[in-house]
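File shown: upload.cif. Contents: mmCIF, C-alpha atoms.
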data_input
#
loop_
_atom_site.label_atom_id
_atom_site.label_comp_id
_atom_site.auth_asym_id
_atom_site.auth_seq_id
_atom_site.Cartn_x
_atom_site.Cartn_y
_atom_site.Cartn_z
CA MET H 1 206.25 96.55 105.98
CA THR H 2 204.05 99.31 107.32
CA LEU H 3 200.53 99.42 108.70
CA PHE H 4 198.54 100.35 105.60
CA ASP H 5 195.05 99.08 106.45
CA LEU H 6 192.55 99.92 109.18
CA PRO H 7 193.91 100.22 112.74
CA LEU H 8 193.31 97.34 115.13
CA ASP H 9 190.65 99.20 117.12
CA ARG H 10 188.55 99.41 113.95
CA LEU H 11 189.34 95.89 112.83
CA THR H 12 188.00 94.38 116.06
CA ASP H 13 184.42 94.95 114.90
CA TYR H 14 184.87 95.35 111.14
CA ARG H 15 181.87 93.57 109.61
CA PRO H 16 181.05 95.03 106.18
CA GLU H 17 177.97 94.29 104.14
CA ARG H 18 178.30 91.27 101.87
CA ASP H 19 177.77 91.30 98.11
CA GLU H 20 175.89 88.05 97.61
CA PRO H 21 174.13 86.90 94.42
CA ALA H 22 170.56 85.74 94.87
CA ASP H 23 171.33 82.30 93.45
CA PHE H 24 174.52 81.69 95.49
CA ASP H 25 173.13 78.62 97.25
CA SER H 26 171.50 77.12 94.18
CA PHE H 27 174.69 77.68 92.17
CA TRP H 28 176.75 75.68 94.64
CA ARG H 29 174.07 73.05 95.20
CA ARG H 30 173.94 72.42 91.45
CA THR H 31 177.73 72.33 91.20
CA LEU H 32 178.14 69.81 94.00
CA ASP H 33 175.20 67.68 92.88
CA GLU H 34 176.66 67.41 89.38
CA THR H 35 180.01 66.35 90.82
CA ALA H 36 178.48 63.90 93.30
CA ALA H 37 176.83 62.11 90.38
CA ARG H 38 180.28 60.83 89.39
CA PRO H 39 181.91 58.05 91.44
CA LEU H 40 184.59 59.34 93.80
CA ASP H 41 186.74 56.30 92.98
CA PRO H 42 189.60 56.99 95.43
CA VAL H 43 192.84 55.13 94.72
CA HIS H 44 195.66 54.93 97.28
CA ARG H 45 199.00 53.71 95.91
CA PRO H 46 201.70 52.94 98.50
CA TYR H 47 204.55 55.41 98.10
CA ASP H 48 208.10 54.82 99.31
CA ALA H 49 208.74 58.07 101.18
CA ALA H 50 211.73 56.64 103.12
CA LEU H 51 209.85 57.29 106.35
CA THR H 52 209.62 54.83 109.25
CA THR H 53 206.75 56.16 111.35
CA VAL H 54 204.41 57.36 108.59
CA THR H 55 202.84 55.36 105.78
CA ALA H 56 202.47 57.44 102.63
CA TYR H 57 199.99 56.93 99.82
CA ASP H 58 199.99 58.59 96.41
CA THR H 59 196.26 59.20 96.28
CA GLU H 60 193.90 60.28 93.55
CA PHE H 61 190.15 60.77 93.35
CA THR H 62 187.54 62.21 91.01
CA GLY H 63 187.02 65.95 91.34
CA TYR H 64 185.20 68.55 89.31
CA GLY H 65 184.19 67.53 85.80
CA GLY H 66 185.41 63.98 86.28
CA ASP H 67 189.03 65.17 86.47
CA ARG H 68 191.41 63.09 88.56
CA VAL H 69 192.86 65.04 91.48
CA HIS H 70 196.12 63.99 93.14
CA ALA H 71 196.97 64.12 96.85
CA TRP H 72 199.19 62.68 99.54
CA LEU H 73 197.55 60.63 102.25
CA LEU H 74 199.81 60.21 105.28
CA ILE H 75 198.95 57.73 108.04
CA PRO H 76 200.98 57.81 111.28
CA ALA H 77 202.05 54.52 112.81
CA GLY H 78 200.81 53.45 116.22
CA ILE H 79 197.55 55.42 116.17
CA PRO H 80 194.38 53.32 116.45
CA ALA H 81 192.09 53.50 113.45
CA PRO H 82 189.90 55.21 112.66
CA MET H 83 191.91 58.33 113.51
CA PRO H 84 191.28 62.07 113.08
CA CYS H 85 192.55 63.74 109.92
CA VAL H 86 193.65 67.15 108.66
CA VAL H 87 192.85 67.92 105.03
CA HIS H 88 195.36 70.54 103.93
CA PHE H 89 195.03 72.96 101.00
CA LEU H 90 198.06 74.65 99.45
CA GLY H 91 199.04 78.26 98.86
CA TYR H 92 199.02 79.95 95.47
CA GLY H 93 201.33 78.30 92.95
CA ALA H 94 202.45 75.53 95.32
CA GLY H 95 202.48 71.85 94.44
CA ARG H 96 202.11 69.04 96.93
CA GLY H 97 205.86 68.37 96.88
CA PHE H 98 206.98 65.36 98.91
CA PRO H 99 205.36 63.53 101.85
CA HIS H 100 208.14 64.68 104.17
CA ASP H 101 207.01 68.28 103.57
CA HIS H 102 203.78 67.59 105.48
CA LEU H 103 204.70 65.65 108.61
CA VAL H 104 203.46 68.01 111.33
CA TRP H 105 199.93 66.59 111.45
CA PRO H 106 200.99 62.90 111.47
CA ALA H 107 203.49 63.80 114.21
CA ALA H 108 200.49 65.02 116.22
CA GLY H 109 198.66 61.71 115.76
CA ARG H 110 196.43 62.72 112.86
CA ALA H 111 196.26 61.46 109.33
CA ALA H 112 196.83 64.12 106.69
CA LEU H 113 195.50 64.46 103.16
CA VAL H 114 197.31 67.13 101.14
CA MET H 115 195.38 68.09 98.01
CA ASP H 116 197.22 69.13 94.87
CA THR H 117 195.68 72.34 93.45
CA ARG H 118 194.76 71.80 89.82
CA GLY H 119 197.08 73.46 87.33
CA GLN H 120 199.53 74.70 89.98
CA GLY H 121 202.88 73.60 91.28
CA ALA H 122 205.66 71.35 90.06
CA THR H 123 205.52 67.61 89.57
CA ASN H 124 207.41 65.26 91.88
CA PRO H 125 208.95 62.89 89.31
CA ARG H 126 208.57 59.94 91.69
CA SER H 127 204.83 60.51 92.21
CA ALA H 128 201.86 59.68 90.01
CA GLY H 129 201.87 63.30 88.80
CA ALA H 130 200.34 66.71 89.31
CA THR H 131 196.70 67.67 88.87
CA GLY H 132 195.93 69.33 85.57
CA ASP H 133 193.18 71.78 84.72
CA PRO H 134 191.99 70.77 81.25
CA HIS H 135 189.05 73.18 81.16
CA GLY H 136 189.52 76.05 78.75
CA THR H 137 187.51 79.06 77.72
CA ALA H 138 187.54 81.39 74.73
CA ALA H 139 187.44 84.39 77.06
CA PRO H 140 190.60 86.43 77.76
CA GLN H 141 192.49 86.26 81.04
CA ALA H 142 195.47 87.85 82.75
CA SER H 143 198.51 85.77 83.65
CA GLY H 144 197.95 83.47 86.62
CA PHE H 145 194.80 81.69 87.77
CA VAL H 146 192.60 84.37 89.33
CA THR H 147 191.03 85.56 86.06
CA ARG H 148 190.76 82.17 84.36
CA GLY H 149 187.11 81.96 83.27
CA ILE H 150 186.24 85.06 85.29
CA LEU H 151 183.54 86.30 82.89
CA ASP H 152 181.20 83.45 83.83
CA PRO H 153 180.78 81.88 87.31
CA ALA H 154 180.14 78.49 85.71
CA GLU H 155 183.53 78.59 83.97
CA TYR H 156 185.54 80.19 86.77
CA TYR H 157 188.72 78.43 87.88
CA TYR H 158 187.91 78.43 91.59
CA ARG H 159 184.60 76.69 90.99
CA ARG H 160 186.67 73.69 90.04
CA VAL H 161 189.16 74.10 92.90
CA PHE H 162 186.51 74.47 95.62
CA THR H 163 184.65 71.45 94.27
CA ASP H 164 187.87 69.42 94.25
CA ALA H 165 188.34 70.39 97.90
CA VAL H 166 184.94 69.07 98.94
CA ARG H 167 185.77 65.81 97.22
CA ALA H 168 189.16 65.73 98.96
CA VAL H 169 187.32 65.60 102.29
CA ASP H 170 185.16 62.81 100.92
CA ALA H 171 188.26 60.92 99.79
CA ALA H 172 189.84 61.23 103.23
CA ALA H 173 186.62 60.15 104.96
CA ALA H 174 186.38 57.09 102.70
CA HIS H 175 189.72 55.66 103.86
CA PRO H 176 189.32 53.02 106.61
CA ALA H 177 192.10 54.57 108.71
CA VAL H 178 190.26 57.91 108.92
CA ASP H 179 187.42 58.88 111.22
CA GLY H 180 185.11 60.75 108.87
CA ARG H 181 183.52 62.58 111.80
CA ARG H 182 186.84 64.12 112.86
CA ILE H 183 188.16 65.87 109.78
CA VAL H 184 189.63 69.37 110.07
CA VAL H 185 190.30 71.51 106.99
CA HIS H 186 193.33 73.78 106.98
CA GLY H 187 195.15 76.21 104.72
CA ALA H 188 196.85 79.58 104.45
CA SER H 189 196.40 82.28 101.81
CA GLN H 190 194.90 80.46 98.79
CA GLY H 191 194.68 77.39 101.01
CA GLY H 192 192.84 79.48 103.59
CA ALA H 193 190.31 80.51 100.95
CA VAL H 194 189.81 76.87 99.98
CA ALA H 195 189.41 75.77 103.60
CA GLN H 196 186.95 78.60 104.23
CA ALA H 197 184.80 77.57 101.29
CA THR H 198 185.01 73.87 102.10
CA ALA H 199 183.85 74.46 105.67
CA ALA H 200 180.68 76.01 104.28
CA LEU H 201 180.11 73.55 101.44
CA ARG H 202 180.90 70.22 103.08
CA PRO H 203 178.82 69.32 106.17
CA GLY H 204 180.13 67.18 109.00
CA LEU H 205 183.58 68.67 109.56
CA GLU H 206 185.13 68.85 113.00
CA ALA H 207 186.69 72.30 112.57
CA ALA H 208 188.45 74.69 110.19
CA MET H 209 191.85 76.34 110.63
CA ILE H 210 192.12 79.36 108.33
CA ASP H 211 195.25 81.49 108.05
CA VAL H 212 195.38 84.85 106.20
CA PRO H 213 192.80 83.74 103.59
CA PHE H 214 192.88 84.93 99.99
CA LEU H 215 189.80 85.55 97.78
CA THR H 216 187.97 87.21 100.67
CA HIS H 217 186.24 90.63 100.74
CA VAL H 218 187.57 90.76 97.21
CA ARG H 219 186.43 94.20 96.09
CA ARG H 220 188.16 95.87 99.03
CA ALA H 221 191.30 93.77 98.57
CA VAL H 222 191.56 94.72 94.90
CA ASP H 223 191.17 98.40 95.82
CA ILE H 224 193.76 98.61 98.60
CA THR H 225 196.61 96.22 97.75
CA ASP H 226 199.04 96.44 94.84
CA GLN H 227 200.23 92.86 95.37
CA ASP H 228 199.52 89.71 93.38
CA PRO H 229 197.39 87.66 93.10
CA TYR H 230 194.73 90.41 93.55
CA GLN H 231 196.56 92.58 91.02
CA GLU H 232 195.76 89.96 88.38
CA VAL H 233 192.19 91.28 88.55
CA VAL H 234 193.43 94.85 88.12
CA ARG H 235 195.54 93.94 85.09
CA PHE H 236 192.59 92.12 83.56
CA LEU H 237 190.25 95.07 84.07
CA ALA H 238 192.82 97.52 82.70
CA THR H 239 192.21 96.03 79.26
CA GLN H 240 188.80 94.32 79.47
CA ARG H 241 186.93 97.05 81.43
CA VAL H 242 183.99 94.89 82.53
CA PRO H 243 184.06 95.36 86.32
CA GLU H 244 180.37 94.54 86.84
CA THR H 245 180.79 91.15 85.18
CA VAL H 246 184.05 90.38 86.97
CA PHE H 247 182.88 91.26 90.47
CA ARG H 248 179.59 89.47 89.95
CA THR H 249 181.53 86.28 89.20
CA LEU H 250 183.81 86.81 92.19
CA SER H 251 180.81 87.21 94.51
CA TYR H 252 180.08 83.48 94.08
CA PHE H 253 183.57 82.72 95.44
CA ASP H 254 184.08 85.45 98.02
CA GLY H 255 185.05 84.13 101.44
CA LEU H 256 182.63 86.48 103.16
CA ASN H 257 179.71 84.58 101.70
CA PHE H 258 181.14 81.23 102.69
CA ALA H 259 182.01 82.43 106.20
CA ALA H 260 178.40 83.50 106.74
CA ARG H 261 177.32 79.91 106.06
CA ALA H 262 179.99 78.02 107.99
CA THR H 263 178.89 76.69 111.38
CA VAL H 264 181.82 74.50 112.48
CA PRO H 265 184.36 75.85 115.01
CA ALA H 266 187.07 77.92 113.35
CA LEU H 267 190.57 79.07 114.27
CA TYR H 268 191.63 82.13 112.23
CA SER H 269 194.87 84.06 112.08
CA VAL H 270 195.55 87.53 110.70
CA ALA H 271 198.74 89.55 110.20
CA LEU H 272 198.38 93.32 110.44
CA ARG H 273 201.20 94.07 107.98
CA ASP H 274 199.99 91.65 105.33
CA THR H 275 199.93 93.45 101.99
CA VAL H 276 198.94 90.29 100.06
CA CYS H 277 195.75 89.45 101.98
CA PRO H 278 194.97 92.72 103.78
CA PRO H 279 193.98 92.39 107.45
CA SER H 280 190.59 94.06 106.98
CA THR H 281 189.61 91.35 104.48
CA VAL H 282 190.54 88.59 106.93
CA MET H 283 188.78 90.29 109.84
CA ALA H 284 185.66 90.76 107.73
CA ALA H 285 185.43 87.02 107.15
CA TYR H 286 186.17 86.25 110.79
CA HIS H 287 183.35 88.51 111.98
CA HIS H 288 180.92 87.00 109.46
CA TRP H 289 181.80 83.41 110.46
CA ALA H 290 178.54 81.85 111.65
CA GLY H 291 180.04 79.26 114.01
CA GLU H 292 182.19 79.40 117.12
CA LYS H 293 185.54 81.02 116.42
CA GLN H 294 188.92 82.05 117.76
CA LEU H 295 191.44 84.48 116.32
CA THR H 296 195.20 84.96 116.65
CA VAL H 297 196.54 88.40 115.67
CA TYR H 298 200.15 89.00 114.57
CA PRO H 299 200.71 92.79 114.66
CA TRP H 300 204.30 92.72 113.33
CA ASN H 301 204.02 90.17 110.53
CA GLY H 302 203.28 90.27 106.85
CA HIS H 303 201.83 87.52 104.69
CA GLU H 304 203.91 84.87 106.43
CA GLY H 305 201.58 85.39 109.39
CA GLY H 306 202.39 83.51 112.56
CA ALA H 307 204.39 80.76 110.79
CA GLY H 308 205.72 78.33 113.43
CA ARG H 309 204.04 80.20 116.25
CA GLN H 310 200.65 79.75 114.60
CA ARG H 311 201.36 76.08 114.01
CA ASP H 312 201.94 75.74 117.76
CA VAL H 313 198.58 77.40 118.38
CA GLN H 314 196.92 75.01 115.93
CA LEU H 315 198.50 71.91 117.42
CA ARG H 316 197.21 72.84 120.86
CA TYR H 317 193.81 73.71 119.40
CA LEU H 318 193.57 70.24 117.89
CA ARG H 319 194.88 68.50 120.98
CA SER H 320 192.15 69.73 123.31
CA PRO H 321 188.55 70.59 122.42
CA ALA H 322 188.55 72.62 125.65
CA ASP H 323 190.82 75.11 123.87
CA ARG H 324 187.93 75.96 121.53
CA LEU H 325 185.33 78.50 122.42
#
Please re-express this file's structure in structure tokens.
Amino acid sequence: MTLFDLPLDRLTDYRPERDEPADFDSFWRRTLDETAARPLDPVHRPYDAALTTVTAYDTEFTGYGGDRVHAWLLIPAGIPAPMPCVVHFLGYGAGRGFPHDHLVWPAAGRAALVMDTRGQGATNPRSAGATGDPHGTAAPQASGFVTRGILDPAEYYYRRVFTDAVRAVDAAAAHPAVDGRRIVVHGASQGGAVAQATAALRPGLEAAMIDVPFLTHVRRAVDITDQDPYQEVVRFLATQRVPETVFRTLSYFDGLNFAARATVPALYSVALRDTVCPPSTVMAAYHHWAGEKQLTVYPWNGHEGGAGRQRDVQLRYLRSPADRL
């Protein structure tokens, strides 16, 4: 890995202009209002995870379009209810796996809700299943998810994912063991993009922890990285040749525009050798974030970012509000 993006001395104040559609707010208000008109209907089925200090639930709730979204809800033993909670969003292509894959937050005394990303990941045969994405379109797309419905913001894949994420917070807050005033959203890469958007779209969060977020400062990312998933956009445009339409759709989902609206405290991380989510795109969102914020920089890492080191930073951030700016 080499340093291919802007040097750190330029990244420290990199705050580019945002490409924002005039109806950005009304688009998302309409989307969330339409979804809120459907009952959330959360269901928590006890799941035998063979764990002794964490109670696991195979959870589902109503997301975008009335679709049922699956999740794990993990409740640590010995913590008085209602307790704080981390709502975790997954990276690109990942499924929710098993409860034992997500024990760090319960070990820190917080409940955890891990949302399955619709259409992605493998099914755990012992669970209630994975979350499907039954919404189709007659429009073409490249392989993957990034160009699914990309010719129309109303049909775009991440409209459904971001809406599911807002409802995931609602589902966590509705559980009697969870303190709905102390919910933190978290994710890396695709999960970071989802957490970034959710922090802007869902009021009342405690904080957001955002690692190397995808779908952010998208036009620059597409221009400077040859890595997937951004290259899915390039492959699409190589045959469809409608860049104005594509980038207009993406402007409704660009993390820069969500960051400018998010007012909760945020903990970001960026890796300077990240060729998947280039550091300038992450720094752009960080500098546009409207709330209090902190940043951890990993000069020698790629898309893995800080990994365990960053988790240590996050655990300490959650443990003491004094660690926040």
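The protein and nucleic acid residues lying at most 10 Å from Arg68 (chain H) are Leu40, Asp41, Pro42, Thr59, Glu60, Phe61, Thr62, Gly63, Tyr64, Gly65, Gly66, His70, Arg118, Ala130, Thr131, Gly132, Asp133 and Asp164 of chain H, with all atoms listed in the file considered and sequence neighbours fewer than 2 positions away removed.
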Write to file, as a PDB file, in the coordinates of the input, the residues of the selection just made, with C-alpha atoms.
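Result saved to again-v5.pdb:
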ATOM      1  CA  LEU H  40     184.590  59.340  93.800  1.00  0.00           C
ATOM      2  CA  ASP H  41     186.740  56.300  92.980  1.00  0.00           C
ATOM      3  CA  PRO H  42     189.600  56.990  95.430  1.00  0.00           C
ATOM      4  CA  THR H  59     196.260  59.200  96.280  1.00  0.00           C
ATOM      5  CA  GLU H  60     193.900  60.280  93.550  1.00  0.00           C
ATOM      6  CA  PHE H  61     190.150  60.770  93.350  1.00  0.00           C
ATOM      7  CA  THR H  62     187.540  62.210  91.010  1.00  0.00           C
ATOM      8  CA  GLY H  63     187.020  65.950  91.340  1.00  0.00           C
ATOM      9  CA  TYR H  64     185.200  68.550  89.310  1.00  0.00           C
ATOM     10  CA  GLY H  65     184.190  67.530  85.800  1.00  0.00           C
ATOM     11  CA  GLY H  66     185.410  63.980  86.280  1.00  0.00           C
ATOM     12  CA  HIS H  70     196.120  63.990  93.140  1.00  0.00           C
ATOM     13  CA  ARG H 118     194.760  71.800  89.820  1.00  0.00           C
ATOM     14  CA  ALA H 130     200.340  66.710  89.310  1.00  0.00           C
ATOM     15  CA  THR H 131     196.700  67.670  88.870  1.00  0.00           C
ATOM     16  CA  GLY H 132     195.930  69.330  85.570  1.00  0.00           C
ATOM     17  CA  ASP H 133     193.180  71.780  84.720  1.00  0.00           C
ATOM     18  CA  ASP H 164     187.870  69.420  94.250  1.00  0.00           C
TER      19      ASP H 164
END
From the list H:Ala138, H:Cys85, H:Leu51, H:Ala177, the nearest residue to Trp105 (chain H) using all atoms listed in the file is H:Cys85
Once the PyMOL selection byres ((chain H and resi 153) around 10) has been evaluated on this model, what residues remain selected, and can you format them as an mmCIF file with C-alpha atoms, in the coordinates of the input?
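Result went into part03.cif, see below:
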data_model
loop_
_atom_site.group_PDB
_atom_site.id
_atom_site.type_symbol
_atom_site.label_atom_id
_atom_site.label_comp_id
_atom_site.auth_asym_id
_atom_site.auth_seq_id
_atom_site.Cartn_x
_atom_site.Cartn_y
_atom_site.Cartn_z
ATOM 1 C CA PHE H 27 174.690 77.680 92.170
ATOM 2 C CA GLY H 149 187.110 81.960 83.270
ATOM 3 C CA ILE H 150 186.240 85.060 85.290
ATOM 4 C CA LEU H 151 183.540 86.300 82.890
ATOM 5 C CA ASP H 152 181.200 83.450 83.830
ATOM 6 C CA ALA H 154 180.140 78.490 85.710
ATOM 7 C CA GLU H 155 183.530 78.590 83.970
ATOM 8 C CA TYR H 156 185.540 80.190 86.770
ATOM 9 C CA TYR H 157 188.720 78.430 87.880
ATOM 10 C CA TYR H 158 187.910 78.430 91.590
ATOM 11 C CA ARG H 159 184.600 76.690 90.990
ATOM 12 C CA THR H 245 180.790 91.150 85.180
ATOM 13 C CA VAL H 246 184.050 90.380 86.970
ATOM 14 C CA ARG H 248 179.590 89.470 89.950
ATOM 15 C CA THR H 249 181.530 86.280 89.200
ATOM 16 C CA LEU H 250 183.810 86.810 92.190
ATOM 17 C CA SER H 251 180.810 87.210 94.510
ATOM 18 C CA TYR H 252 180.080 83.480 94.080
ATOM 19 C CA PHE H 253 183.570 82.720 95.440
#
Restricting to all atoms listed in the file, whichever of H:Ala112, H:Ala173, H:Cys277, H:Ala221 is closest to Ala188 (chain H) is H:Cys277
Can you tell me, as a list in words, what residues are no more than 7 Å from region 52-55 of chain H when counting only C-alpha atoms, ignoring any on the same chain fewer than 3 positions away?
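That gives Leu74, Ile75, Pro76 and Ala77 of chain H.
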### Task
Identify which of the residues H:Gln294, H:Thr35, H:Gln240, H:Thr225 lies closest to Thr275 (chain H), counting all atoms listed in the file when measuring atom-to-atom distances.
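Checking each of H:Gln294, H:Thr35, H:Gln240, H:Thr225 against Thr275 (chain H), counting all atoms listed in the file, the winner is H:Thr225.
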Step by step, work through what the PyMOL selection byres ((chain H and resi 99) around 12) selects in the shown file, and finish by giving those residues as a ChimeraX atom specification.
/H:46-51,54-59,71-76,95-98,100-106,111-115,124,126-127
For the selection just defined, write its residues with C-alpha atoms to a file, as a compact mmCIF listing (two decimals), in the frame of the given file.
# COMPACT_ATOMS: atom_id res chain seq x y z
CA PRO H 46 201.70 52.94 98.50
CA TYR H 47 204.55 55.41 98.10
CA ASP H 48 208.10 54.82 99.31
CA ALA H 49 208.74 58.07 101.18
CA ALA H 50 211.73 56.64 103.12
CA LEU H 51 209.85 57.29 106.35
CA VAL H 54 204.41 57.36 108.59
CA THR H 55 202.84 55.36 105.78
CA ALA H 56 202.47 57.44 102.63
CA TYR H 57 199.99 56.93 99.82
CA ASP H 58 199.99 58.59 96.41
CA THR H 59 196.26 59.20 96.28
CA ALA H 71 196.97 64.12 96.85
CA TRP H 72 199.19 62.68 99.54
CA LEU H 73 197.55 60.63 102.25
CA LEU H 74 199.81 60.21 105.28
CA ILE H 75 198.95 57.73 108.04
CA PRO H 76 200.98 57.81 111.28
CA GLY H 95 202.48 71.85 94.44
CA ARG H 96 202.11 69.04 96.93
CA GLY H 97 205.86 68.37 96.88
CA PHE H 98 206.98 65.36 98.91
CA HIS H 100 208.14 64.68 104.17
CA ASP H 101 207.01 68.28 103.57
CA HIS H 102 203.78 67.59 105.48
CA LEU H 103 204.70 65.65 108.61
CA VAL H 104 203.46 68.01 111.33
CA TRP H 105 199.93 66.59 111.45
CA PRO H 106 200.99 62.90 111.47
CA ALA H 111 196.26 61.46 109.33
CA ALA H 112 196.83 64.12 106.69
CA LEU H 113 195.50 64.46 103.16
CA VAL H 114 197.31 67.13 101.14
CA MET H 115 195.38 68.09 98.01
CA ASN H 124 207.41 65.26 91.88
CA ARG H 126 208.57 59.94 91.69
CA SER H 127 204.83 60.51 92.21
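For the residues H:Val218, H:Val276, H:Lys293, H:Arg167, ranking by smallest atom-to-atom distance to Ala37 (chain H) using all atoms listed in the file places H:Arg167 first.
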Correct to one decimal, the distance CA of Asp228 (chain H)-CA of Gly144 (chain H) is 9.3 Å
### All residues 10 Å or closer to Leu201 (chain H), only C-alpha atoms, same chain fewer than 2 positions away omitted, as an NGL selection string
:H and (25 or 28-29 or 32 or 162-163 or 165-166 or 195-199 or 203-204 or 258 or 261-262)
| All residues 12 Å or closer to Leu315 (chain H), only C-alpha atoms, same chain fewer than 3 positions away omitted, as a PyMOL selection string | chain H and resi 86+104-110+184+186+209+267+308-312+318-321+323
Residues of the last selection are to be written out with C-alpha atoms, as a tab-separated table (two decimals), keeping the file's coordinate frame.
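The new file part_0.tsv reads:
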chain	number	residue	atom	x	y	z
H	86	VAL	CA	193.65	67.15	108.66
H	104	VAL	CA	203.46	68.01	111.33
H	105	TRP	CA	199.93	66.59	111.45
H	106	PRO	CA	200.99	62.90	111.47
H	107	ALA	CA	203.49	63.80	114.21
H	108	ALA	CA	200.49	65.02	116.22
H	109	GLY	CA	198.66	61.71	115.76
H	110	ARG	CA	196.43	62.72	112.86
H	184	VAL	CA	189.63	69.37	110.07
H	186	HIS	CA	193.33	73.78	106.98
H	209	MET	CA	191.85	76.34	110.63
H	267	LEU	CA	190.57	79.07	114.27
H	308	GLY	CA	205.72	78.33	113.43
H	309	ARG	CA	204.04	80.20	116.25
H	310	GLN	CA	200.65	79.75	114.60
H	311	ARG	CA	201.36	76.08	114.01
H	312	ASP	CA	201.94	75.74	117.76
H	318	LEU	CA	193.57	70.24	117.89
H	319	ARG	CA	194.88	68.50	120.98
H	320	SER	CA	192.15	69.73	123.31
H	321	PRO	CA	188.55	70.59	122.42
H	323	ASP	CA	190.82	75.11	123.87
re CA of Leu90 (chain H) and CA of Tyr268 (chain H): distance 16.1 Å
Kindly output region 181-193 of chain H as a PDB file, in the frame of the given file, after building N, CA, C and O atoms.
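Listing of rebuild_13.pdb after writing:
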ATOM      1  N   ARG H 181     184.184  61.583 110.959  1.00  0.00           N
ATOM      2  CA  ARG H 181     183.520  62.580 111.800  1.00  0.00           C
ATOM      3  C   ARG H 181     184.509  63.549 112.424  1.00  0.00           C
ATOM      4  O   ARG H 181     184.097  64.504 113.081  1.00  0.00           O
ATOM      5  N   ARG H 182     185.808  63.293 112.212  1.00  0.00           N
ATOM      6  CA  ARG H 182     186.840  64.120 112.860  1.00  0.00           C
ATOM      7  C   ARG H 182     187.841  64.620 111.819  1.00  0.00           C
ATOM      8  O   ARG H 182     189.039  64.411 111.928  1.00  0.00           O
ATOM      9  N   ILE H 183     187.316  65.299 110.819  1.00  0.00           N
ATOM     10  CA  ILE H 183     188.160  65.870 109.780  1.00  0.00           C
ATOM     11  C   ILE H 183     188.191  67.386 109.936  1.00  0.00           C
ATOM     12  O   ILE H 183     187.148  68.043 110.032  1.00  0.00           O
ATOM     13  N   VAL H 184     189.395  67.928 109.970  1.00  0.00           N
ATOM     14  CA  VAL H 184     189.630  69.370 110.070  1.00  0.00           C
ATOM     15  C   VAL H 184     190.222  69.834 108.748  1.00  0.00           C
ATOM     16  O   VAL H 184     191.139  69.195 108.213  1.00  0.00           O
ATOM     17  N   VAL H 185     189.715  70.934 108.197  1.00  0.00           N
ATOM     18  CA  VAL H 185     190.300  71.510 106.990  1.00  0.00           C
ATOM     19  C   VAL H 185     191.225  72.644 107.390  1.00  0.00           C
ATOM     20  O   VAL H 185     190.972  73.371 108.353  1.00  0.00           O
ATOM     21  N   HIS H 186     192.304  72.801 106.628  1.00  0.00           N
ATOM     22  CA  HIS H 186     193.330  73.780 106.980  1.00  0.00           C
ATOM     23  C   HIS H 186     193.979  74.337 105.730  1.00  0.00           C
ATOM     24  O   HIS H 186     194.166  73.631 104.736  1.00  0.00           O
ATOM     25  N   GLY H 187     194.356  75.608 105.788  1.00  0.00           N
ATOM     26  CA  GLY H 187     195.150  76.210 104.720  1.00  0.00           C
ATOM     27  C   GLY H 187     195.460  77.652 105.029  1.00  0.00           C
ATOM     28  O   GLY H 187     194.829  78.279 105.887  1.00  0.00           O
ATOM     29  N   ALA H 188     196.464  78.178 104.323  1.00  0.00           N
ATOM     30  CA  ALA H 188     196.850  79.580 104.450  1.00  0.00           C
ATOM     31  C   ALA H 188     196.819  80.229 103.069  1.00  0.00           C
ATOM     32  O   ALA H 188     197.101  79.586 102.057  1.00  0.00           O
ATOM     33  N   SER H 189     196.459  81.507 103.042  1.00  0.00           N
ATOM     34  CA  SER H 189     196.400  82.280 101.810  1.00  0.00           C
ATOM     35  C   SER H 189     195.401  81.632 100.844  1.00  0.00           C
ATOM     36  O   SER H 189     194.225  81.490 101.171  1.00  0.00           O
ATOM     37  N   GLN H 190     195.837  81.183  99.652  1.00  0.00           N
ATOM     38  CA  GLN H 190     194.900  80.460  98.790  1.00  0.00           C
ATOM     39  C   GLN H 190     194.323  79.258  99.514  1.00  0.00           C
ATOM     40  O   GLN H 190     193.115  78.987  99.432  1.00  0.00           O
ATOM     41  N   GLY H 191     195.171  78.534 100.247  1.00  0.00           N
ATOM     42  CA  GLY H 191     194.680  77.390 101.010  1.00  0.00           C
ATOM     43  C   GLY H 191     193.660  77.787 102.046  1.00  0.00           C
ATOM     44  O   GLY H 191     192.719  77.042 102.339  1.00  0.00           O
ATOM     45  N   GLY H 192     193.827  78.980 102.637  1.00  0.00           N
ATOM     46  CA  GLY H 192     192.840  79.480 103.590  1.00  0.00           C
ATOM     47  C   GLY H 192     191.507  79.753 102.921  1.00  0.00           C
ATOM     48  O   GLY H 192     190.444  79.478 103.488  1.00  0.00           O
ATOM     49  N   ALA H 193     191.545  80.294 101.701  1.00  0.00           N
ATOM     50  CA  ALA H 193     190.310  80.510 100.950  1.00  0.00           C
ATOM     51  C   ALA H 193     189.608  79.201 100.661  1.00  0.00           C
ATOM     52  O   ALA H 193     188.378  79.088 100.774  1.00  0.00           O
TER      53      ALA H 193
END
